[in-house]
Each structure stands twice: as C-alpha cells, then as structure tokens.
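Notes follow the structure.
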Amino acid sequence: MIVTEQLGRDYGSRMAVVDLNLKVVPGEILGFLGPNGAGKTTTVKMLTGLIRPSHGRAWVAGFDIVEQPLEAKRRLGYVPEAAAVYDGLTASEYLELLGCLHHLDRVVVGTRREELLALFDLRADRDRRLQEFSKGMRQKVLFAAALMHSPDVLFLDEPLDGLDANAAMVVKEVLRQLAAQGKTILFCSHILDVVERMCTRIVIINRGRQIADGTAEAILRATGTSTLEAAFARLTGSGSAARVASQVVSAIERT
Amino acid sequence: MKRAFDRAGVDFDQWKALTIAALKIDVRSAQGVRGNKTARQGPFATQIAGQFLIFSGLGVVIAVFVWVIDDAWLAASVGAAYAMFTIGMIVFLDHNSIVSPADYVILAPHPVTSRTYFAARLANALVFTTAFTAMLAWLPVLSFLFRYGPAAAGAAMLSFLGSSTATTLAILAAYAAILRTFGAERIRRVLSYAQLIMSFAMYGGFLAGTDRLARVAAARGALSRSRWLLLAPPTWFGSYVEIARGHAGGVHVVLALASIALLAGLASTLGGRLSLDYSQRIAESMARSESRPRRAGRAWTPIRLFAAGEARAVALLIRSQFQNDLKFRLAVLSILPLTLFYALYGGAASIHDPFEQAARPGAPLLLIAVLMFPATLRTQLTSSDAFRASWIFFATPTDRMRVIRAAKNVVVVLFLLPYLGFLAAIFMYMTGSIWHVLVHLALIGFLSHLGLQVLVLLDPALPFSRPLTKGQSPGLFFGFMMVGSVIALLLEVFSPFLYASRVATAAAFALVAAASAIVDRRTRARVEQQTAALEFGG
C-alpha cells in the first residue's frame with residue numbers, strides 16, 4: 001500500500017511537487033503520468049527515500065518513509081529512471097550487491113539471482129560487466145534487482161525504456177501477475193497506450209499538482225476525449241500535436 | 001582573430017562554442033550536483049578559495065627559496081621543476097580525458113574538423129593549466145619582483161607558464177602516443193601500466209631533481225653548468241630569468257631557445273595525433289577491448305573476508321573500482337614505486353632501525369606515505385563517474401553507518417595491511433631487525449587507521465556517491481596531509497624514546513587505541529546525525 005498526505009517538495013523557490021494525496025492499494029497498478037518536469041520522478045524519489053519531502057507525509061507498506069525508513073525500504077523495490085548502475089560490476093555481482101544491501105541470505109541470493117538472470121535471458125551475460133550492456137539489458141538487470149527481495153511495493157520509473165518487444169512483454173506480464181498476488185505497483189511511463197492497458201487506475205500530475213485521478217475510462221469521460229493521449233494533452237494544456245508540429249516545421253524553414 | 005584561426009584551418013565559431021561548452025562542463029562538474037542554484041554557488045566559491053589557498057601555500061615554498069638563494073637561475077629552475085610536477089599531477093589525474101572517446105560519440109555526426117576539435121580541447125587544457133599555474137606562481141613571482149625587479153618577475157611568470165604548459169602537452173602527447181601504439185585488446189591494461197610508469201617517472205624525477213638541486217644549493221648556493229643538469233627542461237625555462245636580468249650567457253640563450261622548440265615540438269606532435277579521426281579510433285579500440293567477458297571463476301580472495309550485508313556490498317564495489325577505474329588503481333599501485341623511491345633516496349633518513357635515531361636526519365617521507373595511503377584511497381572512494389548509481393544506498397534498508405565503516409575497513413584490510421606487509425619486508429631486509437620493525441609498523445598501522453577514522457569523522461561520505469571533479473582535490477585532504485606530515489616528523493624524532501622501554505611503547509599503543517575508540521564513538525554519533533538528513537545527489 002502507498003499513501004501520501006499533502007506530500008510536497010520544493011527546491012528553493014521552485015515547487016516540484018505540491019500537496020499530493022495518493023492512495024494505492026494492494027493489487028493495484030497505478031499509472032503515474034505527467035509531462036516532462038511534472039514532478040513524477042521527484043514523487044518517486046520521495047516515496048523511495050532518496051530525497052526527503054519538504055512537507056506532508058508518506059507511508060509505504062504501512063511505514064512512514066521519513067520516520068521508519070528502513071522498515072519501508074525493506075518492503076519496496078525500485079527501478080530508477082536513468083538505468084544508473086555501478087557499471088564496473090557484472091550482472092551477477094550487481095544482483096549480489098543488492099541482495100547484500102537487503103541482508104538476504106547468501107543461499108537465497110544465489111538461487112534468486114540465477115533464476116532471475118535466466119528468466120530475463122541474461123544467463124549467458126551474467127559475468128559481463130554492466131558497462132558492456134545495452135540500455136535494455138541494464139534495464140532488465142535493474143528490474144531483476146528490484147525483485148530480488150520480493151518486495152510488497154514496486155516503484156517503476158519508465159521500466160520499459162530500452163527493452164525489446166519480448167522483454168517488454170515479459171515485464172508487463174510479470175507486473176500483472178505480481179499485482180494479482182497483491183503487490184502494490186506505481187508505474188511511471190510516457191507510453192500512454194501501455195499505461196491504458198496495464199494500469200487499474202491513473203493519476204496525472206502537472207507542474208507538481210495532481211490534476212486527474214481515476215480509471216482510464218473515467219478520465220476519458222471527464223475530458224470528453226476518445227484516447228488517453230488526447231485526454232492527457234487536454235489536461236496538461238499542451239497544444240494539438242498537428243499544430244505544434246507545423247509550427248516546428250515552419251520555425252526551421254524560417255531564415 | 002577569426003582570420004588567424006581561418007589561416008590555421010580552425011573554424012573560429014565552432015572552436016569558441018566547443019571551448020566554452022567544455023569549460024562550462026568542467027566548472028559545473030566541479031560544482032557538483034545539487035538541488036538548487038544557491039546551494040551550488042556557496043560551496044563552489046568556497047572550493048575556489050580553497051584551491052587558491054592550497055596552491056598559494058604550495059607556492060610559499062618556492063617564494064622562500066627564491067628569497068634565500070642567491071642564484072636566480074637556480075631559483076627559477078627549481079620553481080619550474082616544482083610547477084612541472086604540480087601541474088603534471090593535476091593533468092595526469094584530471095585532464096587525461098582529452099583523449100576521451102566520448103567526444104566522438106557527441107561530435108561525429110556534426111561537421112567539426114579534426115583541427116577545430118584539437119584546438120578546442122587544447123584550449124580547455126591550457127586554460128586549466130594557466131589557472132593552476134597562476135595560483136601556484138604568484139607568490140614566487142612576487143619574490144622575484146622584490147629581489148630582482150619587474151623584468152625578472154615577468155620572466156619568472158613566463159618560466160612557470162612555459163614549464164607547466166610543456167608538461168601538459170607532454171603528458172597529453174604521451175597518452176595519445178600510447179593509445180595510438182597499442183592494439184585494441186591491450187589498450188586498457190597498457191594504459192594502467194603506463195600511468196604507473198608515468199607516476200613513477202614524475203615522482204622519481206621530482207625527488208631526484210629536488211634532491212640534486214638541494215645538494216647543489218647547500219654546497220655552493222649556485223647552479224652548476226654541468227652538462228647533465230642542462231639536459232633538465234626546468235633549467236631551460238629558468239634561463240628566461242637570467243635573460244631578463246641581462247645576466248645571460250650564450251648557454252642561457254641556447255637553453256631558452258630549446259624551451260621554445262620543446263613547446264613548439266610538443267604542440268605539433270600533439271596536433272598530429274589528436275583529432276576527431278583519432279578519437280574515432282580510440283572509441284573503436286575501447287569498444288573492442290571492453291567486449292571481452294571477464295574470465296569465469298576469477299575470484300579476488302581477500303573480499304571473501306567480507307561475507308555479508310553492507311560490508312560485502314562495499315567490498316564488491318571497491319573490488320570492481322580497483323579492476324575498472326584507472327585512477328583508483330593508480331592511487332593504489334603508485335604507492336609501491338613511491339615506497340621504493342623513498343627507500344632508495346631517503347636511505348638512512350627513511351629506513352633505519354626505528355628503535356634508534358636516524359644516522360642522517362631527513363624528511364620522513366616513507367612515514368608520511370604510510371600515514372597518508374589509506375586516507376588517499378578513502379578520498380578516491382567517495383567519488384565516481386557512476387555516482388548516480390548510489391541510489392542503492394538510499395532506496396534499500398541500508399545502515400549508512402555500517403556502509404561508511406565498511407568502506408574504511410575494506411581499505412584497511414585490502415590495501416593497508418598488504419602494504420604494511422610489503423614495508424615490513426623492505427624494513428627487515430634493510431635493517432635486519434624483525435621485532436623492532438614489527439612493533440614500529442604496528443604502531444604506524446594503528447596511527448594510519450586512526451588518521452582514516454579522523455577523515456571519516458570529518459567527512460562521513462558514502463562510497464562512490466559524489467561526482468568526480470576536475471582539479472578539485474579537497475582542501476580537507478590537503479589539510480590532513482599537512483597534519484600527517486607533522487605527525488610523521490614527530491614520530492621520526494620521538495620514536496627512539498617511544499621504544500626506549502616496554503612501558504613507553506605500551507603507553508604509545510594505549511594512547512593510539514584510546515584515541516581510536518574516542519574517534520569511533522564520535523564518528524557514530526556524527527554519522528547518524530549527518531546521514532539522517534542526507535539525500536541522493538543524482
């Protein structure tokens with residue numbers, strides 16, 4: 001379960017997230033959407049303990065992320081946005097590293113590591129350094145690392161970024177099955193059709209503020225649009241794609 | 001100016017854009033990654049002030065030397081040697097990215113010529129060289145001004161700038177030559193050995209040169225015109241001062257011309273080797289050399305001592321850093337030739353039966369090296385190109401005190417203890433006194449550990465969690481080096497008294513152990529307080 005109350009974060013005078021109230025229940029996959037710079041990653045960083053909220057509170061798996069951070073972090077898994085890994089390590093070592101930081105038993109680390117590497121088609125590359133991996137392969141390693149300790153809550157920031165079609169299908173199916181098992185999943189993505197198909201509920205934020213919350217159908221109804229793309233554009237105030245495209249083309253043609 | 005660039009085959013607009021971008025990137029990397037602008041600007045100004053103080057402090061030695069030595073040529077030559085060493089170390093460690101393949105990836109799709117690329121990269125390196133040289137040289141130049149007049153002061157500044165520029169060009173040309181000569185498969189390994197040899201040559205040359213010049217100065221107070229000494233480039237640049245004073249003989253003019261020829265030759269050599277095409281070859285080499293999988297089953301036995309949890313995690317990271325990061329590996333390995341040099345050059349001053357007074361007094365360089373070794377490594381271990389990956393210390397149920405303490409322990413077990421073993425072998429071979437050596441090195445080892453604890457107390461950083469910065473050797477580390485030098489000197493002077501009786505020796509060990517316990521306790525409290533408010537900086 002993820003709960004936030006009036007959660008916010010500022011960077012000096014700039015408000016990145018303002019009074020965010022969220023509730024994601026077990027078994028739910030929440031699609032967390034917003035334009036670039038809307039505050040999605042800042043929210044996820046607050047919920048995973050990477051940065052501290054400026055105001056408000058947040059609970060992850062029933063634990064206050066500020067007051068009981070270790071309890072919360074024991075129960076959460078995180079796939080960061082930028083595929084940031086210590087790339088001098090091999091895939092196998094990276095999973096061992098995460099296992100150590102979660103204080104997993106060595107036998108458990110060994111077993112899960114091998115299983116996850118095999119499931120993500122990385123067994124042949126287990127002893128290659130991550131600096132040699134493609135973006136998609138790194139993403140698979142990060143996904144595997146996030147699942148190593150069988151977390152109750154998963155935070156996924158653009159988890160499909162760089163994955164090939166097969167791997168993306170596997171990840172989506174894994175997420176569905178984890179949700180069916182009662183895991184709570186917060187899913188940030190810019191791929192709106194994936195969000196529409198996968199997520200049980202969608203929250204949209206813009207300039208740090210929550211501007212929509214509901215199922216895809218409910219959001220379409222409320223905005224009077226037929227696709228999530230159109231609803232998103234209407235809610236976030238961006239112009240029509242065709243108009244912006246023609247402006248871009250005319251701008252580069254202008255001398 | 002634009003015409004001059006055009007004549008040289010360099011696109012002025014592209015050169016300007018590339019140079020400004022590179023300088024911005026370097027300055028911003030020095031600023032670090034912080035959340036807001038005001039938070040960035042404060043520490044940056046402090047860092048610049050710190051750098052200014054440190055380099056000015058380094059220049060004080062030369063300023064005093066200029067003031068007390070009667071031979072202006074000798075003073076200018078020592079100053080040039082000092083500048084070459086100091087600037088060389090900075091370029092060596094921080095600016096070797098001039099041959100980085102990353103540029104190729106960014107610039108290849110754009111219409112940038114090789115010459116323009118070269119000119120921009122060179123300008124970037126020279127701006128940093130000039131800035132650091134100016135900070136280092138202003139006090140010695142003032143000394144020249146008051147002692148020999150404005151013409152000599154101006155020539156001294158040119159001598160400092162010329163010698164440091166030549167060093168920058170020579171190091172970059174050496175990198176370029178190495179990268180061109182060796183095949184793709186061997187390039188990474190060759191680079192690490194080359195760095196080791198270059199650091200050996202640099203430290204060795206500096207020690208040998210300063211030792212020779214100090215002896216000359218002590219004996220006669222004037223620089224001998226021996227053929228061998230005239231082969232040393234610092235004397236070439238030092239000749240500028242004699243020419244400016246009107247005291248130049250034919251040899252000074254020849255040496256000054258040689259210095260100009262050296263600069264021109266190096267620039268020309270580098271210009272031929274450093275180009276975008278060249279960068280492409282490097283990128284291809286790197287890609288090929290990195291595609292080999294690590295041999296299966298290869299294990300680094302000592303990390304098995306760290307079996308689980310944070311300690312194991314940190315040990316894994318440090319091992320990978322040692323295997324992959326040339327800079328870190330150099331910091332570890334360069335201590336070995338340095339030790340041999342200190343042993344050879346220091347002789348009786350550095351290595352003698354520690355229970356007895358040294359036969360010949362001298363700086364306890366070896367002691368300073370041991371005391372500083374773990375602190376040097378620990379400073380290296382807080383920064384990494386991959387600092388954004390340190391999110392794992394924030395998003396996992398990690399005890400940050402344990403992580404910080406594990407980093408310290410890993411440095412001690414994997415690096416300090418083997419190094420002490422290496423030293424013990426040298427000491428035993430040279431003194432033949434096993435028991436004395438063991439007691440002495442145990443005390444030094446504990447002191448070194450205490451120093452590491454103090455550094456952790458003052459700067460409790462998570463491993464690999466800060467971005468690498470150019471030319472930003474932390475002031476804290478330099479301050480620590482000063483204190484370490486004083487402690488080494490005191491230990492050298494008082495060690496015969498400490499070892500005069502078992503009671504005195506036991507008291508010394510007890511004192512260090514007590515200090516260690518107190519620092520550990522203070523560290524725990526401080527780390528808990530500091531890391532509670534710590535945020536991921538990526």
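Following the order of the structure tokens, first chain is A, next is B, and so on, with residues numbered from 1 inside each chain and ligands from 1 in the order they appear.
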
Set the distance at 8 Å and use only C-alpha atoms: which residues neighbour Leu130 (chain A) once local chain neighbours fewer than 2 positions away are removed? I'd like the list as JSON, numbers by chain.
{"A": [85, 86, 87, 88, 89, 90, 91, 128, 132, 133, 138]}

Expected file: the selected residues, N, CA, C and O atoms, as a CSV table (one decimal), in the first residue's frame:
```csv
chain,number,residue,atom,x,y,z
A,85,VAL,N,23.6,2.3,-12.8
A,85,VAL,CA,24.2,1.2,-12.1
A,85,VAL,C,25.7,1.4,-12.0
A,85,VAL,O,26.3,2.2,-12.7
A,86,TYR,N,26.3,0.7,-11.0
A,86,TYR,CA,27.7,0.7,-11.0
A,86,TYR,C,28.2,-0.3,-12.1
A,86,TYR,O,28.2,-1.5,-11.9
A,87,ASP,N,28.6,0.4,-13.2
A,87,ASP,CA,28.8,-0.5,-14.4
A,87,ASP,C,30.1,-1.2,-14.4
A,87,ASP,O,30.4,-1.9,-15.4
A,88,GLY,N,31.0,-1.1,-13.4
A,88,GLY,CA,32.2,-1.9,-13.3
A,88,GLY,C,31.8,-3.3,-12.8
A,88,GLY,O,32.7,-4.3,-12.9
A,89,LEU,N,30.6,-3.5,-12.3
A,89,LEU,CA,30.2,-4.8,-11.8
A,89,LEU,C,29.7,-5.6,-12.9
A,89,LEU,O,29.1,-5.1,-13.9
A,90,THR,N,29.7,-7.0,-12.7
A,90,THR,CA,29.0,-7.8,-13.7
A,90,THR,C,27.5,-7.9,-13.2
A,90,THR,O,27.2,-7.5,-12.1
A,91,ALA,N,26.7,-8.4,-14.1
A,91,ALA,CA,25.3,-8.5,-13.8
A,91,ALA,C,25.1,-9.4,-12.6
A,91,ALA,O,24.3,-9.0,-11.7
A,128,ARG,N,29.5,-10.6,-17.5
A,128,ARG,CA,30.0,-9.5,-18.3
A,128,ARG,C,29.7,-8.2,-17.5
A,128,ARG,O,28.7,-8.1,-16.8
A,132,GLU,N,29.3,-3.0,-20.5
A,132,GLU,CA,29.2,-3.5,-21.9
A,132,GLU,C,27.7,-3.8,-22.3
A,132,GLU,O,27.5,-4.2,-23.4
A,133,PHE,N,26.8,-3.6,-21.4
A,133,PHE,CA,25.4,-3.9,-21.6
A,133,PHE,C,24.7,-2.8,-22.4
A,133,PHE,O,25.0,-1.6,-22.2
A,138,ARG,N,20.6,-3.4,-19.3
A,138,ARG,CA,20.7,-2.8,-18.0
A,138,ARG,C,19.4,-2.7,-17.3
A,138,ARG,O,19.2,-3.0,-16.1
```

May I have a table of the residues of chain B lying at most 6 Å from chain A, giving each one's closest pair of atoms and their distance in Å to one decimal, counting only C-alpha atoms, ordered by chain and ascending residue number, as a tab-separated table?
```
residue	atom	partner	partner_atom	distance
B:Asn36	CA	A:Tyr11	CA	5.8
B:Pro293	CA	A:Arg128	CA	4.9
B:Arg294	CA	A:Arg128	CA	5.9
B:Ala308	CA	A:Cys100	CA	5.9
B:Gly309	CA	A:Cys100	CA	4.4
B:Glu310	CA	A:Leu101	CA	5.6
B:Ala313	CA	A:Leu97	CA	4.9
B:Ser320	CA	A:Gly88	CA	5.4
B:Asn324	CA	A:Gly88	CA	5.9
B:Ala386	CA	A:Tyr86	CA	5.8
B:Arg388	CA	A:Ala84	CA	5.7
B:Ala389	CA	A:Val85	CA	4.6
B:Phe394	CA	A:Leu50	CA	5.1
B:Ala395	CA	A:Thr48	CA	5.4
B:Thr396	CA	A:Lys73	CA	5.1
B:Pro397	CA	A:Leu70	CA	4.5
B:Thr398	CA	A:Leu101	CA	5.8
B:Glu535	CA	A:Ile51	CA	4.9
B:Phe536	CA	A:Leu50	CA	5.1
```

What's the 12 Å shell around Ile487 (chain B), counting only C-alpha atoms, without same-chain residues fewer than 4 positions away, as an mmCIF file with C-alpha atoms, in the first residue's frame?
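Writing the result to around.cif gives the following:
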```cif
data_model
loop_
_atom_site.group_PDB
_atom_site.id
_atom_site.type_symbol
_atom_site.label_atom_id
_atom_site.label_comp_id
_atom_site.auth_asym_id
_atom_site.auth_seq_id
_atom_site.Cartn_x
_atom_site.Cartn_y
_atom_site.Cartn_z
ATOM 1 C CA ALA B 363 62.181 14.192 5.949
ATOM 2 C CA PRO B 364 60.317 11.003 6.989
ATOM 3 C CA LEU B 365 58.796 10.635 3.516
ATOM 4 C CA LEU B 367 56.227 7.549 7.172
ATOM 5 C CA ILE B 368 54.160 10.281 5.546
ATOM 6 C CA ALA B 369 53.353 7.898 2.697
ATOM 7 C CA VAL B 370 52.128 5.186 5.076
ATOM 8 C CA LEU B 371 50.082 7.610 7.126
ATOM 9 C CA MET B 372 48.506 9.127 4.034
ATOM 10 C CA ILE B 444 52.331 3.192 12.220
ATOM 11 C CA LEU B 447 48.191 5.606 13.503
ATOM 12 C CA SER B 448 47.298 5.291 9.834
ATOM 13 C CA LEU B 450 43.405 6.498 13.289
ATOM 14 C CA GLY B 451 44.025 9.022 10.530
ATOM 15 C CA PHE B 480 45.016 16.310 6.503
ATOM 16 C CA MET B 481 48.264 15.831 4.584
ATOM 17 C CA MET B 482 49.857 18.735 6.470
ATOM 18 C CA VAL B 483 48.811 17.258 9.820
ATOM 19 C CA LEU B 491 57.143 10.181 15.238
ATOM 20 C CA GLU B 492 60.501 10.154 13.483
ATOM 21 C CA VAL B 493 62.039 12.364 16.155
ATOM 22 C CA PHE B 494 60.460 10.694 19.174
ATOM 23 C CA SER B 495 60.342 7.042 18.113
#
```

Near Val456 (chain B), within 8 Å and counting only C-alpha atoms, which residues show up once chain neighbours fewer than 3 positions away are dropped, as an MDAnalysis selection string?
chainID B and resid 404 408 452:453 459:461 523

Produce a file of the selected residues containing C-alpha atoms, as a JSON list (two decimals), in the first residue's frame.
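Output contents, as saved in again_8.json:
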```json
[["chain", "number", "residue", "atom", "x", "y", "z"],
["B", 404, "ILE", "CA", 30.75, 4.09, 5.83],
["B", 408, "LYS", "CA", 37.03, 2.18, 5.94],
["B", 452, "LEU", "CA", 41.48, 7.25, 8.37],
["B", 453, "GLN", "CA", 38.98, 7.34, 11.23],
["B", 459, "ASP", "CA", 33.77, 13.86, 6.09],
["B", 460, "PRO", "CA", 31.38, 10.92, 6.51],
["B", 461, "ALA", "CA", 30.60, 10.26, 2.83],
["B", 523, "THR", "CA", 32.01, 9.20, 14.33]]
```

Quick one: of B:Asp385, B:Pro496, B:Ser143, B:Val410, who's nearest to Leu305 (chain B), counting only C-alpha atoms?
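Looking only at the distances to Leu305 (chain B), the closest residue turns out to be B:Val410.
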
If you run DSSP on the backbone, which residues of region 111-237 of chain A are helix (DSSP H, G or I), as a ChimeraX atom specification?
/A:111-119,123-125,130-132,135-147,165-180,192-198,216-223,228-236

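Pairwise distance (CA of Val437 (chain B), CA of Ala513 (chain B)) equals 19.3 Å.
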
Can you tell me how far CA of Val141 (chain B) sits from CA of Leu169 (chain B), in Å to one decimal?
23.1 Å

If you count only C-alpha atoms, which residues fall within 9 Å of Asp121 (chain A), apart from same-chain ones fewer than 4 positions away, as an mmCIF file with N, CA and C atoms, in the first residue's frame?
```
data_model
loop_
_atom_site.group_PDB
_atom_site.id
_atom_site.type_symbol
_atom_site.label_atom_id
_atom_site.label_comp_id
_atom_site.auth_asym_id
_atom_site.auth_seq_id
_atom_site.Cartn_x
_atom_site.Cartn_y
_atom_site.Cartn_z
ATOM 1 N N LEU A 116 16.456 -15.308 -11.756
ATOM 2 C CA LEU A 116 16.082 -14.055 -12.412
ATOM 3 C C LEU A 116 16.930 -13.809 -13.670
ATOM 4 N N LEU A 117 18.213 -14.122 -13.577
ATOM 5 C CA LEU A 117 19.066 -13.936 -14.761
ATOM 6 C C LEU A 117 18.581 -14.814 -15.909
ATOM 7 N N ASP A 125 25.154 -13.713 -20.114
ATOM 8 C CA ASP A 125 25.894 -12.456 -19.901
ATOM 9 C C ASP A 125 26.148 -12.194 -18.421
ATOM 10 N N LYS A 140 16.875 -4.651 -17.721
ATOM 11 C CA LYS A 140 16.486 -5.984 -17.233
ATOM 12 C C LYS A 140 17.174 -6.280 -15.903
ATOM 13 N N ALA A 167 11.156 -8.640 -24.182
ATOM 14 C CA ALA A 167 11.416 -8.345 -22.773
ATOM 15 C C ALA A 167 10.294 -7.480 -22.202
#
```

What separates CA of Ala63 (chain B) and CA of Val127 (chain B) is a distance of 23.5 Å
